[in-house]
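Heads up: the structure comes next, in structure tokens.
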Amino acid sequence: VIDLKRNDELGYLAMAFNDMTARIREAQAVLVKQEKEDEQMRIAADIQRSLFPDAPISTPVYDVASFTKPARTIGGDYHFYRPLDGQKVCFLVADVSGKGVPAALVTFMIATMMRNALANAERYRYDTGAVLTEVNKIIASEMLKYERFATMMICFYDMPTRTLNFVSAGHGQLYIYRDTAGAFELIEDMQVPVGISDDSEYTSGNVTLGRNDAIVLFTDGVNEAYNVKKEEYGAERLKSVFLANRKASSVETCRIFAADIAEFSGTAEQHDDITMVVFRVRA
């Protein structure tokens, strides 16, 4: 700051310089605050990523992989997979309404409750409907506080019997690729989303899988991704891309879809979180 009080050109110059100095200080304060907020968001994003699987799983019996891309630094999509015991494996996706911090907070809550429920899956007789009923009963009232709900698809695969036990909480159809037919089978299972009511009862379904059959779980950020022409990626393109690469592993399939969605979208802004889980029976 220049301490110069004069009514000539030097005085006016000093006033202008002091005004500029004050504006720079204000801008610096805003920048420091923004940097702190950005750092907090980066930390939150790291924490959210830690909720997701560490790496794909590949065994002689099955393989499972995933990819996710939030529309913002943190998002409202959640996915997970893990072996439940020596004979079963679980995989799931969830899509919380909205984006950003509020949706991310709900994903943290869902992740915590699901991990606890999966650790005690035997208590629920490895029934996805029973697991989801219990999880919803606990978190529904909390989700209502955030004015959020979530759609979910949960699957338990039993290796000895080749049986897939699944439940959809408002998440739409189960996409099953049937290798013998070389086509997709879609199973409808529309039940109420998680967080709508704490007394919702969920009922699971069962289907038998064959060798090289696959399950593709995804959030609506995939099929509703659009390009600069406002055209949607769509379910038909999803199926055709999978069929064109039907022999690919789950890891390769996820890489193919991530690249294809990016190519399709081009420079269009991503308006929703994108998540996909691919599970394939190998033997």
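Each chain in the structure tokens gets a letter, A, B, ..., in the order shown, and its residues are numbered from 1; ligands are numbered from 1 in order too.
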Task: Residues within 12 Å of Ile187 in chain A, only C-alpha atoms, excluding chain neighbours under 2 positions, as an MDAnalysis selection string - done: chainID A and resid 166:168 171:177 184:185 189:190 205:207 215
Could you give me, as a tab-separated table, a per-residue list for range 215-241 of chain A showing, wherever an atom lies at most 6 Å from an atom of range 260-277 of chain A, the closest pair of atoms and their distance in Å to one decimal, using only C-alpha atoms and sorting by chain then residue number from low to high?
residue	atom	partner	partner_atom	distance
A:Val216	CA	A:Val277	CA	6.0
A:Leu217	CA	A:Val277	CA	5.0
A:Phe218	CA	A:Met276	CA	4.2
A:Thr219	CA	A:Thr275	CA	5.5
A:Gly221	CA	A:Ile274	CA	4.5
A:Val222	CA	A:Ile274	CA	5.4
A:Tyr226	CA	A:Ser265	CA	5.6
A:Asn227	CA	A:Ser265	CA	4.1
A:Val228	CA	A:Ala268	CA	5.0
Emit the selected residues as a PDB file, in the first residue's frame, including N, CA, C and O atoms.
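out.pdb, written as the output of this step:
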ATOM      1  N   VAL A 216     -24.261 -58.198 -17.198  1.00  0.00           N
ATOM      2  CA  VAL A 216     -23.789 -56.823 -17.359  1.00  0.00           C
ATOM      3  C   VAL A 216     -24.684 -55.914 -16.520  1.00  0.00           C
ATOM      4  O   VAL A 216     -25.876 -55.777 -16.789  1.00  0.00           O
ATOM      5  N   LEU A 217     -24.094 -55.335 -15.478  1.00  0.00           N
ATOM      6  CA  LEU A 217     -24.803 -54.378 -14.639  1.00  0.00           C
ATOM      7  C   LEU A 217     -24.285 -52.975 -14.964  1.00  0.00           C
ATOM      8  O   LEU A 217     -23.077 -52.790 -15.143  1.00  0.00           O
ATOM      9  N   PHE A 218     -25.177 -52.011 -15.024  1.00  0.00           N
ATOM     10  CA  PHE A 218     -24.740 -50.655 -15.335  1.00  0.00           C
ATOM     11  C   PHE A 218     -25.748 -49.648 -14.784  1.00  0.00           C
ATOM     12  O   PHE A 218     -26.917 -49.972 -14.564  1.00  0.00           O
ATOM     13  N   THR A 219     -25.270 -48.434 -14.548  1.00  0.00           N
ATOM     14  CA  THR A 219     -26.155 -47.351 -14.132  1.00  0.00           C
ATOM     15  C   THR A 219     -26.636 -46.608 -15.376  1.00  0.00           C
ATOM     16  O   THR A 219     -26.073 -46.757 -16.463  1.00  0.00           O
ATOM     17  N   GLY A 221     -26.245 -43.772 -16.370  1.00  0.00           N
ATOM     18  CA  GLY A 221     -25.276 -42.888 -16.992  1.00  0.00           C
ATOM     19  C   GLY A 221     -24.641 -43.510 -18.224  1.00  0.00           C
ATOM     20  O   GLY A 221     -24.092 -42.795 -19.075  1.00  0.00           O
ATOM     21  N   VAL A 222     -24.726 -44.844 -18.335  1.00  0.00           N
ATOM     22  CA  VAL A 222     -24.184 -45.547 -19.506  1.00  0.00           C
ATOM     23  C   VAL A 222     -25.131 -45.402 -20.692  1.00  0.00           C
ATOM     24  O   VAL A 222     -24.795 -44.815 -21.716  1.00  0.00           O
ATOM     25  N   TYR A 226     -24.917 -39.085 -23.824  1.00  0.00           N
ATOM     26  CA  TYR A 226     -25.283 -38.532 -25.127  1.00  0.00           C
ATOM     27  C   TYR A 226     -24.099 -37.823 -25.781  1.00  0.00           C
ATOM     28  O   TYR A 226     -23.110 -37.481 -25.124  1.00  0.00           O
ATOM     29  N   ASN A 227     -24.230 -37.605 -27.086  1.00  0.00           N
ATOM     30  CA  ASN A 227     -23.189 -36.922 -27.837  1.00  0.00           C
ATOM     31  C   ASN A 227     -23.608 -35.481 -28.136  1.00  0.00           C
ATOM     32  O   ASN A 227     -24.637 -35.014 -27.624  1.00  0.00           O
ATOM     33  N   VAL A 228     -22.818 -34.790 -28.944  1.00  0.00           N
ATOM     34  CA  VAL A 228     -23.102 -33.379 -29.227  1.00  0.00           C
ATOM     35  C   VAL A 228     -24.414 -33.203 -29.988  1.00  0.00           C
ATOM     36  O   VAL A 228     -24.992 -32.109 -29.998  1.00  0.00           O
TER      37      VAL A 228
END
Open item on the list: Which of range 2-118 of chain A end up as alpha helix (DSSP H) when DSSP is run on this backbone - answer as an NGL selection string?
Closed with: :A and (9-50 or 100-118)
Open item on the list: Residues of range 17-259 of chain A classed as strand (DSSP E or B) by DSSP on the backbone are to be reported as a ChimeraX atom specification.
Closed with: /A:57-58,62-69,77-83,88-96,150-158,163-170,174-178,183-187,191,194,205-208,214-218,226,232
Open item on the list: List as a list in words the protein and nucleic acid residues near range 97-110 of chain A, meaning an atom at most 6 Å away when only C-alpha atoms are counted, but skip any in the same chain fewer than 6 places from it.
Closed with: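 So the residues in contact are Ile74, Gly75, Gly76, Arg148, Phe149 and Ala150 of chain A.
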- [ ] Please identify all polymer residues within 10 Å of range 239-253 of chain A, counting only C-alpha atoms, omitting same-chain residues fewer than 2 positions from it, and present them as a PyMOL selection string.
- [x] chain A and resi 55-58+62-67+175+177+179+182-184+212-216+234-237+255-260+276-282
TODO: Tell me which of A:Cys90, A:Met153, A:Ala181, A:Val194 sits closest to Thr133 in chain A, counting only C-alpha atoms.
DONE: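 Nearest to Thr133 in chain A: A:Val194.
Ranking A:Ile196, A:Ile43, A:Leu118, A:Ala14 by their shortest atom-to-atom distance to Met143 in chain A, with only C-alpha atoms included, puts A:Ile196 first.
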Open item on the list: Here is a test: counting only C-alpha atoms, which residue of A:Glu232, A:Asp85, A:Glu201, A:Glu188 is nearest to Ala119 in chain A?
Closed with: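 Between A:Glu232, A:Asp85, A:Glu201, A:Glu188, the residue approaching Ala119 in chain A most closely is A:Asp85.
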Task: Point-to-point distance from CA of Leu51 in chain A to CA of Met159 in chain A, Å rounded to tenths - done: 25.4 Å
- [ ] Check the smallest atom-to-atom distance from each of A:Val96, A:Ala45, A:Val135, A:Ile154 to Arg72 in chain A using only C-alpha atoms, then report the winner.
- [x] A:Ala45
